[in-house]
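Text of the file target.pdb, holding PDB, C-alpha atoms:
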ATOM      1  CA  MET T   1      30.053 -19.119  16.147  1.00  0.00           C
ATOM      2  CA  ALA T   2      26.869 -17.271  17.073  1.00  0.00           C
ATOM      3  CA  THR T   3      24.766 -16.709  13.973  1.00  0.00           C
ATOM      4  CA  LYS T   4      22.105 -14.072  13.531  1.00  0.00           C
ATOM      5  CA  ILE T   5      19.323 -13.702  11.026  1.00  0.00           C
ATOM      6  CA  ARG T   6      19.321 -10.001  10.269  1.00  0.00           C
ATOM      7  CA  LEU T   7      18.493  -7.352   7.719  1.00  0.00           C
ATOM      8  CA  GLN T   8      21.145  -5.944   5.400  1.00  0.00           C
ATOM      9  CA  ARG T   9      20.293  -2.506   4.003  1.00  0.00           C
ATOM     10  CA  GLY T  10      20.222  -1.822   0.291  1.00  0.00           C
ATOM     11  CA  GLY T  11      18.400   0.509  -2.055  1.00  0.00           C
ATOM     12  CA  ARG T  12      18.820   4.229  -2.327  1.00  0.00           C
ATOM     13  CA  LYS T  13      18.510   7.096   0.125  1.00  0.00           C
ATOM     14  CA  GLY T  14      14.938   7.394   1.353  1.00  0.00           C
ATOM     15  CA  TYR T  15      13.931   4.085  -0.263  1.00  0.00           C
ATOM     16  CA  ALA T  16      15.506   1.309   1.762  1.00  0.00           C
ATOM     17  CA  VAL T  17      15.187  -2.303   0.649  1.00  0.00           C
ATOM     18  CA  TYR T  18      16.608  -5.025   2.879  1.00  0.00           C
ATOM     19  CA  ARG T  19      18.089  -8.475   2.319  1.00  0.00           C
ATOM     20  CA  ILE T  20      17.385 -11.074   4.962  1.00  0.00           C
ATOM     21  CA  VAL T  21      20.756 -12.704   5.615  1.00  0.00           C
ATOM     22  CA  ILE T  22      22.471 -15.174   7.914  1.00  0.00           C
ATOM     23  CA  ALA T  23      25.560 -13.532   9.412  1.00  0.00           C
ATOM     24  CA  ASP T  24      28.021 -13.891  12.224  1.00  0.00           C
ATOM     25  CA  ALA T  25      26.796 -11.930  15.246  1.00  0.00           C
ATOM     26  CA  ARG T  26      30.059  -9.941  15.262  1.00  0.00           C
ATOM     27  CA  ALA T  27      29.779  -8.851  11.595  1.00  0.00           C
ATOM     28  CA  PRO T  28      28.523  -5.313  10.875  1.00  0.00           C
ATOM     29  CA  ARG T  29      24.994  -4.752   9.546  1.00  0.00           C
ATOM     30  CA  ASP T  30      25.989  -4.363   5.911  1.00  0.00           C
ATOM     31  CA  GLY T  31      29.107  -6.499   6.164  1.00  0.00           C
ATOM     32  CA  ARG T  32      29.965 -10.094   5.405  1.00  0.00           C
ATOM     33  CA  PHE T  33      27.206 -12.691   5.547  1.00  0.00           C
ATOM     34  CA  THR T  34      26.924 -16.458   5.211  1.00  0.00           C
ATOM     35  CA  GLU T  35      23.750 -16.819   3.181  1.00  0.00           C
ATOM     36  CA  LYS T  36      20.984 -14.650   1.733  1.00  0.00           C
ATOM     37  CA  ILE T  37      17.565 -16.154   2.457  1.00  0.00           C
ATOM     38  CA  GLY T  38      15.219 -13.408   1.298  1.00  0.00           C
ATOM     39  CA  MET T  39      14.269  -9.795   0.615  1.00  0.00           C
ATOM     40  CA  TYR T  40      12.123  -7.326   2.557  1.00  0.00           C
ATOM     41  CA  ASN T  41      10.669  -4.165   0.989  1.00  0.00           C
ATOM     42  CA  PRO T  42       8.845  -1.994   3.555  1.00  0.00           C
ATOM     43  CA  ASN T  43       8.033   0.671   0.937  1.00  0.00           C
ATOM     44  CA  THR T  44       5.086  -1.185  -0.580  1.00  0.00           C
ATOM     45  CA  ASN T  45       1.662  -1.482   1.004  1.00  0.00           C
ATOM     46  CA  PRO T  46       1.584  -4.141   2.416  1.00  0.00           C
ATOM     47  CA  ALA T  47       5.323  -4.718   2.823  1.00  0.00           C
ATOM     48  CA  THR T  48       6.702  -7.215   0.297  1.00  0.00           C
ATOM     49  CA  VAL T  49       8.594 -10.237   1.603  1.00  0.00           C
ATOM     50  CA  GLU T  50      10.361 -12.789  -0.580  1.00  0.00           C
ATOM     51  CA  LEU T  51      11.624 -15.620   1.595  1.00  0.00           C
ATOM     52  CA  ASN T  52      13.302 -18.967   0.970  1.00  0.00           C
ATOM     53  CA  PHE T  53      11.042 -20.729   3.478  1.00  0.00           C
ATOM     54  CA  GLU T  54      12.999 -23.973   3.719  1.00  0.00           C
ATOM     55  CA  ARG T  55      16.342 -22.256   4.355  1.00  0.00           C
ATOM     56  CA  ALA T  56      14.787 -19.878   6.908  1.00  0.00           C
ATOM     57  CA  LEU T  57      13.234 -22.846   8.709  1.00  0.00           C
ATOM     58  CA  TYR T  58      16.557 -24.693   8.631  1.00  0.00           C
ATOM     59  CA  TRP T  59      18.427 -21.761  10.193  1.00  0.00           C
ATOM     60  CA  VAL T  60      15.765 -21.160  12.861  1.00  0.00           C
ATOM     61  CA  GLU T  61      15.861 -24.867  13.792  1.00  0.00           C
ATOM     62  CA  THR T  62      19.676 -24.748  13.813  1.00  0.00           C
ATOM     63  CA  GLY T  63      19.578 -22.016  16.426  1.00  0.00           C
ATOM     64  CA  ALA T  64      20.271 -18.776  14.541  1.00  0.00           C
ATOM     65  CA  GLN T  65      18.889 -15.853  16.518  1.00  0.00           C
ATOM     66  CA  PRO T  66      16.822 -13.362  14.491  1.00  0.00           C
ATOM     67  CA  THR T  67      16.635  -9.649  15.195  1.00  0.00           C
ATOM     68  CA  ASP T  68      13.253  -8.315  16.339  1.00  0.00           C
ATOM     69  CA  THR T  69      12.182  -7.185  12.864  1.00  0.00           C
ATOM     70  CA  VAL T  70      13.269 -10.439  11.245  1.00  0.00           C
ATOM     71  CA  ARG T  71      11.484 -12.428  13.972  1.00  0.00           C
ATOM     72  CA  ASN T  72       8.265 -10.579  13.120  1.00  0.00           C
ATOM     73  CA  ILE T  73       8.776 -11.215   9.404  1.00  0.00           C
ATOM     74  CA  LEU T  74       9.463 -14.916   9.951  1.00  0.00           C
ATOM     75  CA  SER T  75       6.476 -15.190  12.252  1.00  0.00           C
ATOM     76  CA  ARG T  76       4.158 -13.575   9.674  1.00  0.00           C
ATOM     77  CA  GLU T  77       5.467 -15.936   6.995  1.00  0.00           C
ATOM     78  CA  GLY T  78       4.794 -18.961   9.233  1.00  0.00           C
ATOM     79  CA  VAL T  79       8.367 -20.130   9.874  1.00  0.00           C
ATOM     80  CA  TYR T  80       7.871 -20.268  13.631  1.00  0.00           C
ATOM     81  CA  LEU T  81       4.531 -22.051  13.273  1.00  0.00           C
ATOM     82  CA  MET T  82       6.161 -24.703  11.105  1.00  0.00           C
ATOM     83  CA  LYS T  83       9.004 -25.052  13.635  1.00  0.00           C
ATOM     84  CA  HIS T  84       6.389 -25.546  16.349  1.00  0.00           C
ATOM     85  CA  LEU T  85       4.498 -28.122  14.272  1.00  0.00           C
ATOM     86  CA  ARG T  86       7.713 -30.029  13.486  1.00  0.00           C
ATOM     87  CA  GLY T  87       8.432 -30.108  17.210  1.00  0.00           C
ATOM     88  CA  GLY T  88       5.039 -31.745  17.702  1.00  0.00           C
ATOM     89  CA  VAL T  89       5.874 -34.312  15.029  1.00  0.00           C
ATOM     90  CA  LYS T  90       9.195 -35.123  16.758  1.00  0.00           C
ATOM     91  CA  LYS T  91       7.369 -35.623  20.059  1.00  0.00           C
ATOM     92  CA  GLY T  92       4.802 -37.870  18.375  1.00  0.00           C
ATOM     93  CA  ALA T  93       1.777 -35.662  18.984  1.00  0.00           C
ATOM     94  CA  PHE T  94       0.766 -35.994  15.306  1.00  0.00           C
ATOM     95  CA  ASP T  95       2.284 -37.056  12.010  1.00  0.00           C
ATOM     96  CA  GLU T  96       3.925 -35.000   9.243  1.00  0.00           C
ATOM     97  CA  ALA T  97       0.765 -34.986   7.084  1.00  0.00           C
ATOM     98  CA  ALA T  98      -1.342 -33.563   9.926  1.00  0.00           C
ATOM     99  CA  ALA T  99       1.287 -30.894  10.568  1.00  0.00           C
ATOM    100  CA  GLN T 100       1.312 -29.911   6.895  1.00  0.00           C
ATOM    101  CA  LYS T 101      -2.498 -29.846   6.861  1.00  0.00           C
ATOM    102  CA  LYS T 102      -2.566 -27.526   9.905  1.00  0.00           C
ATOM    103  CA  PHE T 103       0.039 -25.270   8.300  1.00  0.00           C
ATOM    104  CA  ASP T 104      -1.864 -25.124   4.998  1.00  0.00           C
ATOM    105  CA  ALA T 105      -5.088 -24.267   6.847  1.00  0.00           C
ATOM    106  CA  TRP T 106      -3.297 -21.462   8.713  1.00  0.00           C
ATOM    107  CA  LYS T 107      -1.786 -20.149   5.471  1.00  0.00           C
ATOM    108  CA  ALA T 108      -5.191 -20.194   3.697  1.00  0.00           C
ATOM    109  CA  ASP T 109      -6.849 -18.400   6.634  1.00  0.00           C
ATOM    110  CA  LYS T 110      -4.093 -15.787   6.642  1.00  0.00           C
ATOM    111  CA  GLN T 111      -4.455 -15.286   2.882  1.00  0.00           C
ATOM    112  CA  ASN T 112      -8.235 -14.830   3.261  1.00  0.00           C
ATOM    113  CA  GLY T 113      -7.629 -12.176   5.899  1.00  0.00           C
ATOM    114  CA  LEU T 114      -5.161 -10.367   3.642  1.00  0.00           C
ATOM    115  CA  ASN T 115      -7.623 -10.529   0.739  1.00  0.00           C
ATOM    116  CA  LYS T 116     -10.365  -9.009   2.916  1.00  0.00           C
ATOM    117  CA  ILE T 117      -8.050  -6.187   3.928  1.00  0.00           C
ATOM    118  CA  ALA T 118      -7.108  -5.565   0.293  1.00  0.00           C
ATOM    119  CA  GLU T 119     -10.794  -5.518  -0.725  1.00  0.00           C
ATOM    120  CA  ALA T 120     -11.619  -3.103   2.096  1.00  0.00           C
ATOM    121  CA  ASP T 121      -8.782  -0.802   1.003  1.00  0.00           C
ATOM    122  CA  ALA T 122      -9.941  -0.931  -2.619  1.00  0.00           C
ATOM    123  CA  LYS T 123     -13.534  -0.183  -1.571  1.00  0.00           C
ATOM    124  CA  ALA T 124     -12.391   2.707   0.611  1.00  0.00           C
ATOM    125  CA  LYS T 125     -10.376   4.167  -2.283  1.00  0.00           C
ATOM    126  CA  LYS T 126     -13.344   3.779  -4.636  1.00  0.00           C
ATOM    127  CA  ASP T 127     -15.700   5.444  -2.126  1.00  0.00           C
ATOM    128  CA  ALA T 128     -13.226   8.292  -1.606  1.00  0.00           C
ATOM    129  CA  ALA T 129     -12.950   8.771  -5.372  1.00  0.00           C
ATOM    130  CA  LEU T 130     -16.754   8.857  -5.739  1.00  0.00           C
ATOM    131  CA  LYS T 131     -17.040  11.327  -2.866  1.00  0.00           C
ATOM    132  CA  ALA T 132     -14.377  13.553  -4.444  1.00  0.00           C
ATOM    133  CA  LEU T 133     -16.165  13.331  -7.799  1.00  0.00           C
ATOM    134  CA  ASP T 134     -19.476  14.366  -6.209  1.00  0.00           C
ATOM    135  CA  ALA T 135     -17.787  17.287  -4.461  1.00  0.00           C
ATOM    136  CA  GLU T 136     -16.183  18.335  -7.749  1.00  0.00           C
ATOM    137  CA  LYS T 137     -19.560  18.106  -9.527  1.00  0.00           C
ATOM    138  CA  LYS T 138     -21.127  20.378  -6.889  1.00  0.00           C
ATOM    139  CA  VAL T 139     -18.308  22.900  -7.272  1.00  0.00           C
ATOM    140  CA  ASN T 140     -18.659  22.777 -11.066  1.00  0.00           C
ATOM    141  CA  GLU T 141     -22.432  23.287 -10.811  1.00  0.00           C
ATOM    142  CA  GLU T 142     -21.915  26.324  -8.572  1.00  0.00           C
ATOM    143  CA  ILE T 143     -19.357  27.744 -10.988  1.00  0.00           C
ATOM    144  CA  ALA T 144     -21.686  27.084 -13.941  1.00  0.00           C
ATOM    145  CA  LYS T 145     -24.536  28.803 -12.061  1.00  0.00           C
ATOM    146  CA  LYS T 146     -22.349  31.848 -11.355  1.00  0.00           C
ATOM    147  CA  VAL T 147     -21.251  31.981 -14.998  1.00  0.00           C
ATOM    148  CA  ALA T 148     -24.880  31.679 -16.153  1.00  0.00           C
ATOM    149  CA  ASP T 149     -25.912  34.475 -13.751  1.00  0.00           C
ATOM    150  CA  LYS T 150     -23.084  36.679 -15.067  1.00  0.00           C
ATOM    151  CA  LYS T 151     -24.072  35.965 -18.668  1.00  0.00           C
ATOM    152  CA  ALA T 152     -27.724  36.661 -17.889  1.00  0.00           C
ATOM    153  CA  ALA T 153     -26.783  39.913 -16.151  1.00  0.00           C
ATOM    154  CA  ALA T 154     -24.546  40.867 -19.079  1.00  0.00           C
ATOM    155  CA  ALA T 155     -27.312  39.998 -21.566  1.00  0.00           C
ATOM    156  CA  ALA T 156     -29.846  42.002 -19.530  1.00  0.00           C
ATOM    157  CA  ALA T 157     -27.461  44.957 -19.370  1.00  0.00           C
ATOM    158  CA  LYS T 158     -26.851  44.695 -23.122  1.00  0.00           C
ATOM    159  CA  ALA T 159     -30.610  44.476 -23.759  1.00  0.00           C
ATOM    160  CA  GLU T 160     -31.183  47.546 -21.586  1.00  0.00           C
ATOM    161  CA  GLU T 161     -28.403  49.357 -23.397  1.00  0.00           C
ATOM    162  CA  GLU T 162     -29.888  48.434 -26.782  1.00  0.00           C
ATOM    163  CA  ALA T 163     -33.369  49.418 -25.590  1.00  0.00           C
ATOM    164  CA  ALA T 164     -31.989  52.726 -24.374  1.00  0.00           C
ATOM    165  CA  LYS T 165     -30.275  53.292 -27.730  1.00  0.00           C
ATOM    166  CA  ALA T 166     -33.464  52.310 -29.532  1.00  0.00           C
ATOM    167  CA  ALA T 167     -35.471  54.683 -27.354  1.00  0.00           C
ATOM    168  CA  GLU T 168     -32.975  57.479 -28.015  1.00  0.00           C
ATOM    169  CA  ALA T 169     -33.072  56.733 -31.715  1.00  0.00           C
ATOM    170  CA  ALA T 170     -36.885  56.701 -31.655  1.00  0.00           C
ATOM    171  CA  ALA T 171     -36.911  59.957 -29.673  1.00  0.00           C
ATOM    172  CA  ALA T 172     -34.453  61.456 -32.137  1.00  0.00           C
ATOM    173  CA  GLU T 173     -36.604  60.330 -35.073  1.00  0.00           C
ATOM    174  CA  THR T 174     -39.744  61.765 -33.515  1.00  0.00           C
ATOM    175  CA  ALA T 175     -37.904  64.969 -32.816  1.00  0.00           C
ATOM    176  CA  GLU T 176     -36.601  65.128 -36.367  1.00  0.00           C
ATOM    177  CA  ALA T 177     -39.947  64.218 -37.942  1.00  0.00           C
ATOM    178  CA  PRO T 178     -41.854  67.335 -36.765  1.00  0.00           C
ATOM    179  CA  ALA T 179     -38.866  69.504 -37.666  1.00  0.00           C
ATOM    180  CA  GLU T 180     -38.958  68.270 -41.231  1.00  0.00           C
ATOM    181  CA  ALA T 181     -42.653  68.759 -41.617  1.00  0.00           C
TER     182      ALA T 181
END
Can the structure from this file be put into C-alpha cells for me?
Amino acid sequence: MATKIRLQRGGRKGYAVYRIVIADARAPRDGRFTEKIGMYNPNTNPATVELNFERALYWVETGAQPTDTVRNILSREGVYLMKHLRGGVKKGAFDEAAAQKKFDAWKADKQNGLNKIAEADAKAKKDAALKALDAEKKVNEEIAKKVADKKAAAAAAKAEEEAAKAAEAAAAETAEAPAEA
C-alpha cells in the first residue's frame, strides 16, 4: 500500500484549517485516513503548525510520500533534518548525542530568526502607528487653526456689528440731544 502524508481540509468557507494525515494514496483528500499527525492553520501570521514530531519522523522514515505543501511543513519543522542526522548515526558518522546536539542548535537558530522577524514586525507596526498618530495630530492642528480663524472672524464681525450699532446709537443720541434742547 502506498501511503501519503497529506492535508485534509477542515474549517469553514474562506477559513480553511488542515489536518496533516497519513492516508492511502488512492483515498480522496477529505476521505479515510490512517493516522492524524498534526494540524496546519495558514490563516495566522506566521502559519501555525502543531505536529507530532516523532510520528511524522516515523512515517517519513517508513517511506510515506508527502505532498509538496506537507514536505515544506515537515522541512520547516525539522523532520527531514532529523531523518538526515539519523542516517548519519546509522552510518557511524557521529553518535546519537551529537545528532541531537546538532538538531537542537538548528532549532535554537531557527527560533532566534523567527523572534527577530516577530520583533521587526512589531517595530514596523509601532512605527506605522506613530506615523499615523503624527499625521492625525497635524490634521487636527489644521482643523483647530481653521476653527480658530472662523471664530476670530466671527468675533471680529460681531465686534464690528456691535461697534456699528454703538455708533448708530451714539449718532441717534447726538441727533436727539440737540432736538431736545
Checklist entry - Rounded to one decimal in Å, what is the spacing between CA of Ala2 (chain T) and CA of Thr69 (chain T)? => result 18.3 Å
Apply the PyMOL selection byres ((chain T and resi 42) around 12) to the structure shown and report the selected residues as a PDB file with C-alpha atoms, in the coordinates of the input.
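The resulting file, part-v2.pdb, is shown below:
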ATOM      1  CA  LEU T   7      18.493  -7.352   7.719  1.00  0.00           C
ATOM      2  CA  ARG T   9      20.293  -2.506   4.003  1.00  0.00           C
ATOM      3  CA  GLY T  10      20.222  -1.822   0.291  1.00  0.00           C
ATOM      4  CA  GLY T  11      18.400   0.509  -2.055  1.00  0.00           C
ATOM      5  CA  GLY T  14      14.938   7.394   1.353  1.00  0.00           C
ATOM      6  CA  TYR T  15      13.931   4.085  -0.263  1.00  0.00           C
ATOM      7  CA  ALA T  16      15.506   1.309   1.762  1.00  0.00           C
ATOM      8  CA  VAL T  17      15.187  -2.303   0.649  1.00  0.00           C
ATOM      9  CA  TYR T  18      16.608  -5.025   2.879  1.00  0.00           C
ATOM     10  CA  ARG T  19      18.089  -8.475   2.319  1.00  0.00           C
ATOM     11  CA  MET T  39      14.269  -9.795   0.615  1.00  0.00           C
ATOM     12  CA  TYR T  40      12.123  -7.326   2.557  1.00  0.00           C
ATOM     13  CA  ASN T  41      10.669  -4.165   0.989  1.00  0.00           C
ATOM     14  CA  ASN T  43       8.033   0.671   0.937  1.00  0.00           C
ATOM     15  CA  THR T  44       5.086  -1.185  -0.580  1.00  0.00           C
ATOM     16  CA  ASN T  45       1.662  -1.482   1.004  1.00  0.00           C
ATOM     17  CA  PRO T  46       1.584  -4.141   2.416  1.00  0.00           C
ATOM     18  CA  ALA T  47       5.323  -4.718   2.823  1.00  0.00           C
ATOM     19  CA  THR T  48       6.702  -7.215   0.297  1.00  0.00           C
ATOM     20  CA  VAL T  49       8.594 -10.237   1.603  1.00  0.00           C
ATOM     21  CA  GLU T  50      10.361 -12.789  -0.580  1.00  0.00           C
ATOM     22  CA  THR T  69      12.182  -7.185  12.864  1.00  0.00           C
ATOM     23  CA  ILE T  73       8.776 -11.215   9.404  1.00  0.00           C
TER      24      ILE T  73
END
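With all atoms listed in the file as the atoms that count, the residue of T:Ala172, T:Trp106, T:Asp127, T:Arg6 with the shortest distance to Asp30 (chain T) is T:Arg6.
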Item to check | Protein/DNA/RNA residues near (20.2, -14.8, 5.7), cut 12 Å, only C-alpha atoms, as a ChimeraX atom specification | outcome: /T:3-8,18-25,29-30,32-40,50-60,64-67,70,74
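One finds CA of Lys83 (chain T) at 12.0 Å from CA of Glu96 (chain T).
CA of Arg76 (chain T) sits 15.5 Å away from CA of Lys102 (chain T).
Across T:Gly78, T:Gly88, T:Ala132, T:Ala27, the tightest approach to Gln111 (chain T) is made by T:Gly78 when counting all atoms listed in the file.
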Size and centre in Å, one decimal, axis-aligned box, all listed region 69-78 of chain T atoms plus 4 Å per side, as JSON:
{"center_x": 8.7, "center_y": -13.1, "center_z": 10.5, "size_x": 17.1, "size_y": 19.8, "size_z": 15.0}
Atoms are missing here; could region 47-68 of chain T be completed with N, CA, C and O atoms and written as a PDB file, in the frame of the given file?
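Generated file (rebuild.pdb):
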ATOM      1  N   ALA T  47       3.893  -4.488   3.051  1.00  0.00           N
ATOM      2  CA  ALA T  47       5.323  -4.718   2.823  1.00  0.00           C
ATOM      3  C   ALA T  47       5.522  -6.046   2.084  1.00  0.00           C
ATOM      4  O   ALA T  47       4.867  -7.036   2.377  1.00  0.00           O
ATOM      5  N   THR T  48       6.434  -6.027   1.108  1.00  0.00           N
ATOM      6  CA  THR T  48       6.702  -7.215   0.297  1.00  0.00           C
ATOM      7  C   THR T  48       7.823  -8.025   0.929  1.00  0.00           C
ATOM      8  O   THR T  48       8.858  -7.477   1.283  1.00  0.00           O
ATOM      9  N   VAL T  49       7.589  -9.331   1.050  1.00  0.00           N
ATOM     10  CA  VAL T  49       8.594 -10.237   1.603  1.00  0.00           C
ATOM     11  C   VAL T  49       8.766 -11.394   0.637  1.00  0.00           C
ATOM     12  O   VAL T  49       7.796 -12.060   0.267  1.00  0.00           O
ATOM     13  N   GLU T  50      10.008 -11.601   0.202  1.00  0.00           N
ATOM     14  CA  GLU T  50      10.361 -12.789  -0.580  1.00  0.00           C
ATOM     15  C   GLU T  50      11.278 -13.606   0.323  1.00  0.00           C
ATOM     16  O   GLU T  50      12.309 -13.109   0.751  1.00  0.00           O
ATOM     17  N   LEU T  51      10.889 -14.836   0.618  1.00  0.00           N
ATOM     18  CA  LEU T  51      11.624 -15.620   1.595  1.00  0.00           C
ATOM     19  C   LEU T  51      11.814 -17.051   1.099  1.00  0.00           C
ATOM     20  O   LEU T  51      10.869 -17.672   0.599  1.00  0.00           O
ATOM     21  N   ASN T  52      13.040 -17.560   1.220  1.00  0.00           N
ATOM     22  CA  ASN T  52      13.302 -18.967   0.970  1.00  0.00           C
ATOM     23  C   ASN T  52      12.893 -19.686   2.261  1.00  0.00           C
ATOM     24  O   ASN T  52      13.656 -19.766   3.222  1.00  0.00           O
ATOM     25  N   PHE T  53      11.656 -20.194   2.267  1.00  0.00           N
ATOM     26  CA  PHE T  53      11.042 -20.729   3.478  1.00  0.00           C
ATOM     27  C   PHE T  53      11.850 -21.881   4.065  1.00  0.00           C
ATOM     28  O   PHE T  53      12.082 -21.915   5.275  1.00  0.00           O
ATOM     29  N   GLU T  54      12.280 -22.795   3.221  1.00  0.00           N
ATOM     30  CA  GLU T  54      12.999 -23.973   3.719  1.00  0.00           C
ATOM     31  C   GLU T  54      14.322 -23.590   4.383  1.00  0.00           C
ATOM     32  O   GLU T  54      14.671 -24.115   5.441  1.00  0.00           O
ATOM     33  N   ARG T  55      15.069 -22.670   3.768  1.00  0.00           N
ATOM     34  CA  ARG T  55      16.342 -22.256   4.355  1.00  0.00           C
ATOM     35  C   ARG T  55      16.113 -21.476   5.654  1.00  0.00           C
ATOM     36  O   ARG T  55      16.859 -21.625   6.619  1.00  0.00           O
ATOM     37  N   ALA T  56      15.088 -20.631   5.685  1.00  0.00           N
ATOM     38  CA  ALA T  56      14.787 -19.878   6.908  1.00  0.00           C
ATOM     39  C   ALA T  56      14.423 -20.851   8.033  1.00  0.00           C
ATOM     40  O   ALA T  56      14.896 -20.703   9.171  1.00  0.00           O
ATOM     41  N   LEU T  57      13.620 -21.842   7.710  1.00  0.00           N
ATOM     42  CA  LEU T  57      13.234 -22.846   8.709  1.00  0.00           C
ATOM     43  C   LEU T  57      14.462 -23.621   9.183  1.00  0.00           C
ATOM     44  O   LEU T  57      14.627 -23.866  10.391  1.00  0.00           O
ATOM     45  N   TYR T  58      15.334 -23.979   8.267  1.00  0.00           N
ATOM     46  CA  TYR T  58      16.557 -24.693   8.631  1.00  0.00           C
ATOM     47  C   TYR T  58      17.377 -23.871   9.621  1.00  0.00           C
ATOM     48  O   TYR T  58      17.824 -24.381  10.656  1.00  0.00           O
ATOM     49  N   TRP T  59      17.585 -22.594   9.327  1.00  0.00           N
ATOM     50  CA  TRP T  59      18.427 -21.761  10.193  1.00  0.00           C
ATOM     51  C   TRP T  59      17.769 -21.505  11.548  1.00  0.00           C
ATOM     52  O   TRP T  59      18.449 -21.464  12.571  1.00  0.00           O
ATOM     53  N   VAL T  60      16.458 -21.356  11.575  1.00  0.00           N
ATOM     54  CA  VAL T  60      15.765 -21.160  12.861  1.00  0.00           C
ATOM     55  C   VAL T  60      15.890 -22.436  13.700  1.00  0.00           C
ATOM     56  O   VAL T  60      16.150 -22.365  14.906  1.00  0.00           O
ATOM     57  N   GLU T  61      15.728 -23.610  13.065  1.00  0.00           N
ATOM     58  CA  GLU T  61      15.861 -24.867  13.792  1.00  0.00           C
ATOM     59  C   GLU T  61      17.298 -25.123  14.225  1.00  0.00           C
ATOM     60  O   GLU T  61      17.540 -25.784  15.231  1.00  0.00           O
ATOM     61  N   THR T  62      18.264 -24.588  13.470  1.00  0.00           N
ATOM     62  CA  THR T  62      19.676 -24.748  13.813  1.00  0.00           C
ATOM     63  C   THR T  62      20.048 -23.900  15.022  1.00  0.00           C
ATOM     64  O   THR T  62      21.004 -24.206  15.722  1.00  0.00           O
ATOM     65  N   GLY T  63      19.311 -22.839  15.254  1.00  0.00           N
ATOM     66  CA  GLY T  63      19.578 -22.016  16.426  1.00  0.00           C
ATOM     67  C   GLY T  63      20.016 -20.602  16.117  1.00  0.00           C
ATOM     68  O   GLY T  63      20.434 -19.875  17.020  1.00  0.00           O
ATOM     69  N   ALA T  64      19.918 -20.162  14.879  1.00  0.00           N
ATOM     70  CA  ALA T  64      20.271 -18.776  14.541  1.00  0.00           C
ATOM     71  C   ALA T  64      19.255 -17.843  15.189  1.00  0.00           C
ATOM     72  O   ALA T  64      18.050 -18.099  15.161  1.00  0.00           O
ATOM     73  N   GLN T  65      19.753 -16.782  15.808  1.00  0.00           N
ATOM     74  CA  GLN T  65      18.889 -15.853  16.518  1.00  0.00           C
ATOM     75  C   GLN T  65      18.503 -14.671  15.607  1.00  0.00           C
ATOM     76  O   GLN T  65      19.381 -13.940  15.155  1.00  0.00           O
ATOM     77  N   PRO T  66      17.221 -14.481  15.344  1.00  0.00           N
ATOM     78  CA  PRO T  66      16.822 -13.362  14.491  1.00  0.00           C
ATOM     79  C   PRO T  66      16.738 -12.059  15.288  1.00  0.00           C
ATOM     80  O   PRO T  66      16.530 -12.066  16.505  1.00  0.00           O
ATOM     81  N   THR T  67      16.887 -10.948  14.578  1.00  0.00           N
ATOM     82  CA  THR T  67      16.635  -9.649  15.195  1.00  0.00           C
ATOM     83  C   THR T  67      15.118  -9.509  15.362  1.00  0.00           C
ATOM     84  O   THR T  67      14.348 -10.325  14.847  1.00  0.00           O
ATOM     85  N   ASP T  68      14.686  -8.487  16.075  1.00  0.00           N
ATOM     86  CA  ASP T  68      13.253  -8.315  16.339  1.00  0.00           C
ATOM     87  C   ASP T  68      12.440  -8.198  15.050  1.00  0.00           C
ATOM     88  O   ASP T  68      11.395  -8.828  14.904  1.00  0.00           O
TER      89      ASP T  68
END
